[in-house]
Every structure is written in structure tokens, then in C-alpha cells.
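Trainee: Sharing a structure, written as C-alpha cells. Questions coming.
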Amino acid sequence: MKKGLSFQTLGKFTYRFRKLIITFWVLTTILLGFFAVKLPSILSGSGFEMDGSFSKVENILQDKFDQPKSSVMLVFDSKTHAPEDDEYKAFVMDTIEKMDGVDDVVDIQSPYEVPERTIKDNVSFASVQFDKSFGDLKKSIDQIRERMPDEKEISVSLTGGPVIAEDMNTASQHDLARAEAIGIPAALIILLLAFGGLIAAGLPIIVGLISVASSLGLLYFYGQTTNVSIFLLNVVPMIGLALGIDFALLLVNRFREELHRGVEKATIISVQTAGRSIAFSGLCVFLGLSGMLLIDIDIFKTVAIGGMVVVVLSVLNAITFLPAMLAVLGQRVNALKLFKTKENNRSVWHSFAAFVMKRPIIMAVIAALVLGLSVTPVKDMKLSIPEADALPPDYESRLAFEKFEKTFGEDELYPVTIVAESKNSFLKDEDSLLALEQLTEDLQNEKEVNKTESIFTYTNQLTGSELFQALQTDQGKQQFSPVLKPFINDDTAVIKAYLSVDVTGDKAKQFVKKWEKEHEGLSITIGGVTKFNQEIFDEIIEKAPYGLAIVLITTLFILMIAFRSVFIPVKAIFMNMLSLSATFGILVWIFQSGVIMEPVDIGLMIPVFTFGIVFGLSMDYEVFLISRIQEIYEEIGDNDRATLLGLTSTSKIITSAAAIMIVITGSFAFTNVMPVKQIGIAIALAIFIDATIVRMIFVPSLMKLLGDWNWWMPFIKRKEKNRSGALS
């Protein structure tokens, strides 16, 4: 089959049915756009959910110990009144009474029911409990906020997981609007500088918006069957706008170059050349995102699927809708010129590339040193799961949560929950109860444990045997019935271990891993915040390398097929990995050093997201650049000259594409949700490094050093070409 034949056929098809294709995309976008607007209403939670011990313990506590499916907190505080004061008590009780009738509330625990746990200094909290899950409480949260009283001397704030998730959703929508308000106008300016006219500059913006709207509409239906992370609302538009605009920029540029051949010929050639590059680029991005599917955590799966959907639609838009539009516009694509653009083949890029290629070893070493120095901070990277601190600092739910944690202490708030299951009932089998007693003692003797809380904590220091004997009498059953309910249900018992170490630190994680085993004949399952963190971190550490390997291997083979070369794909992957590592190092310096901003940990998902997204995006420029060099090399057979001419002919458009990618993703640096800010900065940094150090120094240096070996491929013999400079 002749190279590019399928894309040539697609180009002919697109030109012939151009009006039908445009009509199809317009109607599809209108329909899906209707559902895209509704997507935020079904987003819920941070997405850090997975099947594991933590989830199993939560289900056991709900089924056997009447733990609510979810809860929120009303945090009370006063600078002038103490919780014992009548005014303070009256305010608390009045607030709780106002919550009567809120949808799905099953119980409200006043701080005065268990004051030793819920009152400290001038701060107290009431727990509002629901029989609905985390993501189904928007209406209830709104009702609570409407009913909260406004008192100057005593304040009440609403916080807790569902409230923080709802606020994260709201903040994400505001951030998206802010980023688009910055990124899209900036991209339009760059497009105007590249093309000089409003029509040519406007087309990539239209393609980007269509890709995003269509993708969000499709993801609405996906969200009907599964929990969808709120971060999808930022990541999908970020990828969609950047890719859609970039792909369209490349194709519009090639169409304008070929217009002198006639509209039909220009359409076919554009799809056959730029369209082919776009398809391979999209495939690389698609593969980069697919690696996240191996990580069995909701946020990675939903973002991967969302990203893959928008990549596919961006490619389809760029190689069908856009050429159809160009075929209809024809010469009018150059209409509404604001100014003339200069086309100078002997560009600054040409001169710089020639300079680098004369000194390939020195320039490659300099570039490697710069990137190597940037990599060094990576060793200090601190990763954490985003919580309330991911919200803007002035959000009430964040302020209340921070006050709650500061007042009552993480060690007291987040015990390790140990569920022990026996083959027999603890209340009817003495050996089982004695095994539970031994388990409690062994836990208490662990150096990481400060104290334990179990049935034995509230039985007047009775031994296991004494408690068992007491429970065999009616008097004993009546006496201990109130304390049995929270800790024992037939063959299942609960122990809470309060740690003396950081509940999310490495020592705590090792502790929960060590104790998830059989003990004294009892089956042990661990829950709590510590177990949640340990499972999430271990899942990523275990699965990410497999995802990385799959992405690298598949990308290598795709590029080998695209360029019929071994060394170019290897070189591209190596440079990509090096520039990504440098990006992570700079990211650590920005967010953790305290030089630029208040130090904050890097979101746990940021390195994975950045790799998944940027690995493919960087290949976008590599594919477009090398494809053009390959075209010229196969015509003239001179590697050095093909490299210079390829770099020169694509420099302006690739620079524009990189600039657009940077402003679109970099605009998220001005957002307030910290993980979104971090991912935006990370992608913008990676693209900047790729567009400068990699493309300006590494590419020409290594292309020069490898010479004709760039194009070596086993079992493929290339035709000898005229090396006299046919294109000069």
C-alpha cells in the first residue's frame, strides 16, 4: 500500500462530503453541549476511592455498627463565650433544631452528648449524619447552609468530606472559567501572530471548543454509571483546548502552504501529511493516558478515560471537521487580515540550528547539564492526598476543617480501626473473647500505639474471662449493653488504636500493613485514614511502573512504524523522560521550597497525571517535526540538510503551537484549587522545556551526531537520493 494512501482517501472523502461533515459536527456539538452543561451536577468526591480493606471496614461499620454512610460537622467557636455558658449552649441547641427536616439526615449528635470528645477550649462540633453516600448530598448541604444562624459573638461553620467535595466542585467551575478567560484570548493572540488573519486564527479556537464540549457531553453519560472525579472538569478542558487548538494550528498552516495547488488538492495534501502527523500524535497522547487505567483508583481511571475521550474527539475534529471547513472556505481562509506575516526561510531558528549542529557534542552536554541540575530536587518531593488544603484559603469549609483539626488533633481524630472477625460469637464463646483481649493487649504494646479503645476500655477493668462470665447473666447483659453496641456485634468486634506517630507517615503505614493478618485465630481487617493513605500510595507504587512500561513500549513501536527508524523513537523517549524529570524537579522547587509561595506538598496524582498527559503532548511536536524532516530526507537523502530544512519550515508553527499549549495549561496557574494549579504549571513547564532545550538543542545535536543512522531500521532498505541539495 502506498504510504499515506488511507489519509489521502480520507482527504478526498472529506472534500467531497464537506458540507455533510460540517452539518454532522454542528448538530452533534449542539446535542452533546446540552449534556456538557449538566456534567458538573454529577461530579462527586476527589476520586480517591478504591476497593480494599479501608472500603471493606467502612461497609462493616455501616452494616453491623450503624455507622452513617456519611456525615458533616457543624463547628462552633466563640472568643467571648465558653461552651458551658448558657448563651453558647442555647446557640448550639437552636442551630441543631434548625436542622430538623433537612433531607436524608438520620441523626444529629450534639457536642454535649460526648463533651470529652467534641468540646475543647471554646470550640465544639456537632455531627450531622446521613443515610446517603458521599456524593449525593448537594441538596442537603444547601439546606443546612440556608438554615445556619448568623451570630457575631458565636460562630458556626460547616465542614466535612461531603462539604469539602461540594466546595471543590464549585471552586473547580470558577477556576475553569478563570483559566478559559485567560487562556483562550492569549491563544487567539498567538494564532493571530502566526496567521495574521481572524479567519485562520479563529478556526483552531473553534475546533478546540467543539472537542471540549463534545467530550464533556459524552462524559456526562459515562458519569451516570460510575463515580466521576471533580478534577475531570479541569483536566479534560485543559487537554482538549490545548490539543484541539494545536492540531488545528498544524493542519491550517499546511493547508495555507498548499493553497497554490488549488483548494481540493490543498485539502487532500493537508489531511495526508499534517493529518497523518496529528493521528500519530493523538495516538501517542492516547497511549500516555491509557497507562493510568492500570491504577485501580477512581480518580486515575476517570481522568484517563476523560482524557482519552477528548484526545479521540480532538483528532477526529482535526482530520474531518476542520479540513471540511477549510474546503468550504478555500482562499477565504486568509480573509480578514489584520497584518501581514513574514515568511523568512533563513529564520533565527535556521541560524541557531546550524550553530548547534556545528557543535553537537558541546551543545548536547550543556543541555544535559541544565536538565540534570533541574532534576536534583526530585529526591525531596513530598506527595500527599489533597484534602481541605486543596481549596482556596478563604473557603469556609477549609477554615472550619483546619480549626477542627488544630483543636482536636489528628492523632485523636483519626484512629486506626481494627475489625476482628471470629468463627464464633464473641458473646457466646469464651475463647474468642480471650483472643480479642489478647489482640487488644498486643496492640497496646506496640510502640506506634498511644492508646486503644475497645469493649475492655469500658468494663471496669474486667478480664476477658470475667467479662464473659458477667455476660452470661441477665444483670451483666443489662449492665454492659450500652458499651457492647459500638464494639461487638455477634462474631465481629472493633478496636480503635490511637497512634503516637504521624497518622499519614511511613511508620503509621508500616504499622497497618504489619497488623493486617490473622491473630490469635481472629481475622483482622484494618481501616481508618492511615489505611486509606497506605492503600492509595501502595496501589500507585505497585501499578505505576507497569503503566509506564506499557506506555514506553507501545509508544516506541508506534514511532518505529511512523518513522521506520529505531534510533529516532529511542531518542524521543529518552529526551521526553529527561525533560519530564526536570519538570518534576522544578515543580518541587516552586511548591515546596518556600521561595515563591507558602510550602505545600505535591498532590499525589500530579506526577502520574503529568506523565500521562505530557508524554503524549511532547510527542505531538516530535512527530510533526520529524515527519517533516523525514519527508525531506526521503526526497534528498541528506540527513543534515533535511534536519535544517525541516526545523526551519516547522519552527514558526511548532513554536506557536508550544506557546498555545503553554498559555492554555499555564492559565490554570492562576486558579485557586491547588492540585489544578500544580497540574497546569507542570504541563506548561514540561512543554516549555520541550520547546526550548529539547527542540532547539537536543534535536539538532543528536540528529547531527547520528547522521544517516537516524533512519536505520532492520530489514528496510531506503532508496539512494540526490544529495546535491535538491531543495536548496
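Residue numbering restarts at 1 in every chain; chains get A, B, ... in the order shown in the C-alpha cells, and ligands count up from 1 in that same order.
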Hey, what does DSSP flag as strand (DSSP E or B) within range 335-446 of chain A? Can you give it to me as a ChimeraX atom specification?
Mentor: /A:337,383-384,416-421
Trainee: Let's have the selection written as a short mmCIF file (atom, residue, chain, number, x, y, z; two decimals), in the first residue's frame, with N, CA and C atoms.
Mentor:
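part13.cif, written as the output of this step:
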data_model
loop_
_atom_site.label_atom_id
_atom_site.label_comp_id
_atom_site.auth_asym_id
_atom_site.auth_seq_id
_atom_site.Cartn_x
_atom_site.Cartn_y
_atom_site.Cartn_z
N LYS A 337 -7.58 39.86 7.15
CA LYS A 337 -6.18 40.03 7.55
C LYS A 337 -6.04 41.29 8.41
N LEU A 383 4.76 13.85 48.57
CA LEU A 383 3.45 13.65 47.97
C LEU A 383 2.39 13.47 49.05
N SER A 384 1.21 14.01 48.80
CA SER A 384 0.11 13.84 49.75
C SER A 384 -1.21 13.83 49.00
N VAL A 416 -6.69 4.28 64.01
CA VAL A 416 -6.71 3.11 63.14
C VAL A 416 -7.85 2.21 63.62
N THR A 417 -8.73 1.83 62.71
CA THR A 417 -9.87 0.98 63.07
C THR A 417 -9.54 -0.47 62.74
N ILE A 418 -9.54 -1.32 63.76
CA ILE A 418 -9.24 -2.73 63.57
C ILE A 418 -10.53 -3.53 63.73
N VAL A 419 -10.92 -4.23 62.68
CA VAL A 419 -12.09 -5.09 62.74
C VAL A 419 -11.61 -6.54 62.87
N ALA A 420 -12.01 -7.20 63.96
CA ALA A 420 -11.63 -8.59 64.22
C ALA A 420 -12.85 -9.47 64.04
N GLU A 421 -12.71 -10.50 63.23
CA GLU A 421 -13.82 -11.42 62.98
C GLU A 421 -13.45 -12.82 63.45
#
Trainee: I'd like the neighbourhood of Lys19 in chain A as a CSV table (one decimal) with N, CA, C and O atoms, in the first residue's frame, where a residue qualifies if any of its atoms comes within 12 Å (using only C-alpha atoms), though same-chain residues fewer than 2 positions away should be ignored.
Mentor:
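Saved the output as around34.csv:
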chain,number,residue,atom,x,y,z
A,13,PHE,N,-12.4,12.1,0.7
A,13,PHE,CA,-13.8,11.9,1.2
A,13,PHE,C,-14.2,13.2,1.9
A,13,PHE,O,-15.4,13.6,1.7
A,14,THR,N,-13.3,13.8,2.7
A,14,THR,CA,-13.7,15.0,3.4
A,14,THR,C,-14.0,16.1,2.5
A,14,THR,O,-15.0,16.9,2.7
A,15,TYR,N,-13.2,16.2,1.4
A,15,TYR,CA,-13.5,17.3,0.4
A,15,TYR,C,-14.9,17.1,-0.3
A,15,TYR,O,-15.7,18.0,-0.4
A,16,ARG,N,-15.1,15.8,-0.6
A,16,ARG,CA,-16.3,15.5,-1.4
A,16,ARG,C,-17.6,15.8,-0.5
A,16,ARG,O,-18.6,16.3,-1.0
A,17,PHE,N,-17.6,15.4,0.8
A,17,PHE,CA,-18.7,15.5,1.6
A,17,PHE,C,-18.6,16.5,2.7
A,17,PHE,O,-19.0,16.4,3.8
A,21,ILE,N,-20.3,16.8,6.5
A,21,ILE,CA,-19.5,16.6,7.6
A,21,ILE,C,-19.6,17.8,8.6
A,21,ILE,O,-19.7,17.6,9.8
A,22,ILE,N,-19.6,19.0,8.1
A,22,ILE,CA,-19.8,20.2,8.9
A,22,ILE,C,-21.2,20.1,9.6
A,22,ILE,O,-21.3,20.4,10.8
A,23,THR,N,-22.2,19.8,8.9
A,23,THR,CA,-23.5,19.7,9.5
A,23,THR,C,-23.6,18.6,10.6
A,23,THR,O,-24.2,18.9,11.7
A,24,PHE,N,-22.9,17.5,10.4
A,24,PHE,CA,-22.9,16.4,11.4
A,24,PHE,C,-22.2,16.9,12.7
A,24,PHE,O,-22.8,16.8,13.8
A,25,TRP,N,-21.1,17.6,12.5
A,25,TRP,CA,-20.4,18.1,13.7
A,25,TRP,C,-21.1,19.2,14.5
A,25,TRP,O,-21.1,19.2,15.7
A,26,VAL,N,-21.8,20.1,13.7
A,26,VAL,CA,-22.5,21.2,14.3
A,26,VAL,C,-23.7,20.6,15.2
A,26,VAL,O,-23.9,21.0,16.3
A,320,THR,N,-11.4,15.8,10.2
A,320,THR,CA,-12.6,15.7,9.4
A,320,THR,C,-13.3,17.1,9.4
A,320,THR,O,-13.4,17.7,8.3
A,321,PHE,N,-13.7,17.6,10.5
A,321,PHE,CA,-14.5,18.8,10.5
A,321,PHE,C,-13.6,20.0,10.0
A,321,PHE,O,-14.0,20.8,9.2
A,322,LEU,N,-12.4,20.1,10.5
A,322,LEU,CA,-11.5,21.2,10.1
A,322,LEU,C,-11.2,21.2,8.6
A,322,LEU,O,-11.4,22.3,7.9
A,323,PRO,N,-10.7,20.1,8.0
A,323,PRO,CA,-10.5,20.2,6.6
A,323,PRO,C,-11.8,20.4,5.8
A,323,PRO,O,-11.7,21.0,4.7
A,324,ALA,N,-12.9,20.0,6.3
A,324,ALA,CA,-14.2,20.3,5.6
A,324,ALA,C,-14.4,21.7,5.6
A,324,ALA,O,-14.9,22.3,4.6
A,325,MET,N,-14.2,22.4,6.8
A,325,MET,CA,-14.3,23.8,6.9
A,325,MET,C,-13.4,24.6,5.9
A,325,MET,O,-13.7,25.5,5.2
A,326,LEU,N,-12.1,24.1,5.9
A,326,LEU,CA,-11.1,24.7,5.0
A,326,LEU,C,-11.5,24.5,3.5
A,326,LEU,O,-11.3,25.4,2.7
A,327,ALA,N,-12.1,23.4,3.2
A,327,ALA,CA,-12.5,23.1,1.8
A,327,ALA,C,-13.6,24.1,1.4
A,327,ALA,O,-13.7,24.5,0.3
A,328,VAL,N,-14.5,24.4,2.4
A,328,VAL,CA,-15.6,25.3,2.1
A,328,VAL,C,-15.1,26.8,2.0
A,328,VAL,O,-15.5,27.5,1.1
A,329,LEU,N,-14.1,27.1,2.9
A,329,LEU,CA,-13.6,28.5,2.9
A,329,LEU,C,-12.7,28.7,1.7
A,329,LEU,O,-12.7,29.8,1.1
Trainee: Just the alpha helix (DSSP H) stuff from range 103-173 of chain A, please, per backbone DSSP, written as an MDAnalysis selection string.
Mentor: chainID A and resid 115:118 138:147 161:173
Trainee: Which of these residues is nearest to Val114 in chain A, using only C-alpha atoms: A:Ile230, A:Gly208, A:Ala126, A:Ala201?
Mentor: A:Ala126
Trainee: Using only C-alpha atoms, which residue out of A:Asn424, A:Thr555, A:Ser593, A:Ser172 lies closest to Ser523 in chain A?
Mentor: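 Going through A:Asn424, A:Thr555, A:Ser593, A:Ser172 one by one, the smallest distance to Ser523 in chain A is for A:Asn424.
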Trainee: For a test of reading the model, state the distance in Å between CA of Lys79 in chain A and CA of Val156 in chain A, rounded to one decimal.
Mentor: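 Spanning CA of Lys79 in chain A to CA of Val156 in chain A is a straight-line distance of 12.4 Å.
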Trainee: Name the residues in contact with range 643-650 of chain A at a cut-off of 8 Å, using only C-alpha atoms, excluding same-chain residues fewer than 5 positions from it; report them as a PyMOL selection string.
Mentor: chain A and resi 345-347+349-350+353-354+625-626+628-629+632-633+700+703
Trainee: Excluding Ile689 in chain A and any residue of its chain fewer than 6 positions from it, enumerate the residues within 9 Å of it, using only C-alpha atoms, and give them as a ChimeraX atom specification.
Mentor: /A:371,579-580,582-583,695
Trainee: Just the selected residues (all heavy atoms), exported as a CSV table (one decimal), in the first residue's frame, please.
Mentor:
chain,number,residue,atom,x,y,z
A,371,LEU,N,19.4,20.2,32.3
A,371,LEU,CA,18.3,19.3,32.7
A,371,LEU,C,18.6,18.5,33.9
A,371,LEU,O,17.8,18.3,34.8
A,371,LEU,CB,17.9,18.4,31.5
A,371,LEU,CG,17.3,19.1,30.3
A,371,LEU,CD1,16.9,18.1,29.2
A,371,LEU,CD2,16.0,19.9,30.7
A,579,SER,N,13.2,15.4,30.2
A,579,SER,CA,12.6,16.7,30.3
A,579,SER,C,11.4,16.6,31.4
A,579,SER,O,11.2,17.6,32.1
A,579,SER,CB,12.0,17.2,29.0
A,579,SER,OG,11.0,16.3,28.5
A,580,LEU,N,10.8,15.5,31.5
A,580,LEU,CA,9.7,15.3,32.5
A,580,LEU,C,10.4,15.3,33.9
A,580,LEU,O,9.8,15.8,34.8
A,580,LEU,CB,9.0,14.0,32.2
A,580,LEU,CG,7.8,14.1,31.3
A,580,LEU,CD1,7.3,12.7,30.9
A,580,LEU,CD2,6.7,14.9,31.9
A,582,ALA,N,13.1,16.7,34.8
A,582,ALA,CA,13.5,18.1,35.1
A,582,ALA,C,12.2,18.9,35.5
A,582,ALA,O,12.3,19.8,36.4
A,582,ALA,CB,14.1,18.8,33.9
A,583,THR,N,11.1,18.7,34.9
A,583,THR,CA,9.9,19.3,35.2
A,583,THR,C,9.5,19.1,36.7
A,583,THR,O,9.1,20.0,37.4
A,583,THR,CB,8.7,18.9,34.3
A,583,THR,OG1,9.0,19.2,33.0
A,583,THR,CG2,7.4,19.5,34.7
A,695,ARG,N,14.0,20.8,21.8
A,695,ARG,CA,13.9,21.0,20.3
A,695,ARG,C,15.0,21.9,19.8
A,695,ARG,O,15.4,21.7,18.6
A,695,ARG,CB,12.5,21.6,20.0
A,695,ARG,CG,12.2,21.7,18.5
A,695,ARG,CD,10.8,22.0,18.2
A,695,ARG,NE,10.2,23.1,18.9
A,695,ARG,CZ,10.3,24.4,18.4
A,695,ARG,NH1,10.9,24.6,17.3
A,695,ARG,NH2,9.8,25.4,19.1
Trainee: At a cut-off of 9 Å, using only C-alpha atoms, what residues contact Ile654 in chain A? Leave out same-chain residues fewer than 6 positions from it and give the result as an NGL selection string.
Mentor: :A and (246 or 249-250 or 621 or 624-625 or 691)
Trainee: Considering only C-alpha atoms, state which residue in the set A:Asp175, A:Asn576, A:Phe76, A:Phe584 is at the smallest distance from Phe670 in chain A.
Mentor: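 The answer is A:Asp175, which sits nearest to Phe670 in chain A.
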Trainee: For a quick check of understanding, using only C-alpha atoms, which of A:Val106, A:Asn169, A:Gly275, A:Ala657 has the smallest distance to Pro204 in chain A?
Mentor: A:Ala657
Trainee: Would you list the contacts of Ala364 in chain A as a ChimeraX atom specification, taking every protein, DNA or RNA residue within 9 Å and counting only C-alpha atoms, but skipping same-chain residues closer than 5 positions in sequence?
Mentor: /A:356,359,369,697-699,701-702
Trainee: Quick check, in Å to one decimal: how far apart do CA of Glu153 in chain A and CA of Lys406 in chain A lie?
Mentor: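 CA of Lys406 in chain A lies 20.9 Å from CA of Glu153 in chain A.
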Trainee: Within 8 Å of Val512 in chain A, counting only C-alpha atoms, which residues show up once you throw out same-chain ones fewer than 2 positions away? Write them as a PDB file with N, CA and C atoms, in the first residue's frame, please.
Mentor:
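Result file is around.pdb:
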ATOM      1  N   VAL A 416      -6.691   4.284  64.009  1.00  0.00           N
ATOM      2  CA  VAL A 416      -6.712   3.108  63.142  1.00  0.00           C
ATOM      3  C   VAL A 416      -7.845   2.210  63.624  1.00  0.00           C
ATOM      4  N   ALA A 508       3.356   4.888  60.397  1.00  0.00           N
ATOM      5  CA  ALA A 508       1.948   4.509  60.552  1.00  0.00           C
ATOM      6  C   ALA A 508       1.528   3.553  59.436  1.00  0.00           C
ATOM      7  N   LYS A 509       1.995   3.805  58.211  1.00  0.00           N
ATOM      8  CA  LYS A 509       1.639   2.936  57.088  1.00  0.00           C
ATOM      9  C   LYS A 509       2.212   1.537  57.277  1.00  0.00           C
ATOM     10  N   GLN A 510       3.450   1.466  57.765  1.00  0.00           N
ATOM     11  CA  GLN A 510       4.051   0.162  58.021  1.00  0.00           C
ATOM     12  C   GLN A 510       3.300  -0.582  59.122  1.00  0.00           C
ATOM     13  N   LYS A 514       1.550  -4.246  58.735  1.00  0.00           N
ATOM     14  CA  LYS A 514       2.028  -5.353  59.567  1.00  0.00           C
ATOM     15  C   LYS A 514       0.884  -6.061  60.288  1.00  0.00           C
ATOM     16  N   TRP A 515      -0.142  -5.297  60.667  1.00  0.00           N
ATOM     17  CA  TRP A 515      -1.187  -5.863  61.509  1.00  0.00           C
ATOM     18  C   TRP A 515      -2.353  -6.457  60.732  1.00  0.00           C
ATOM     19  N   GLU A 516      -2.351  -6.341  59.424  1.00  0.00           N
ATOM     20  CA  GLU A 516      -3.451  -6.942  58.657  1.00  0.00           C
ATOM     21  C   GLU A 516      -3.125  -8.415  58.407  1.00  0.00           C
ATOM     22  N   ILE A 526      -8.075  -3.923  58.527  1.00  0.00           N
ATOM     23  CA  ILE A 526      -7.711  -2.589  59.026  1.00  0.00           C
ATOM     24  C   ILE A 526      -8.420  -1.505  58.226  1.00  0.00           C
ATOM     25  N   THR A 530      -5.255   6.157  58.107  1.00  0.00           N
ATOM     26  CA  THR A 530      -3.916   5.621  57.858  1.00  0.00           C
ATOM     27  C   THR A 530      -3.952   4.516  56.813  1.00  0.00           C
ATOM     28  N   LYS A 531      -4.911   3.610  56.957  1.00  0.00           N
ATOM     29  CA  LYS A 531      -5.044   2.521  55.994  1.00  0.00           C
ATOM     30  C   LYS A 531      -5.425   3.051  54.615  1.00  0.00           C
ATOM     31  N   GLN A 534      -2.269   4.388  53.081  1.00  0.00           N
ATOM     32  CA  GLN A 534      -1.346   3.298  52.751  1.00  0.00           C
ATOM     33  C   GLN A 534      -1.795   2.562  51.489  1.00  0.00           C
TER      34      GLN A 534
END
Trainee: Just checking: using only C-alpha atoms, which residue out of A:Leu391, A:Ile385, A:Ile488, A:Ile558 ends up closest to Ser432 in chain A?
Mentor: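 Among A:Leu391, A:Ile385, A:Ile488, A:Ile558, it is A:Ile488 that comes nearest to Ser432 in chain A.
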Trainee: Which one is closest to Val375 in chain A: A:Leu587, A:Leu462, A:Val207, A:Ile573? Count only C-alpha atoms.
Mentor: A:Leu587
Trainee: In Å, how far is it from CA of Leu336 in chain A to CA of Gly197 in chain A?
Mentor: 5.3 Å
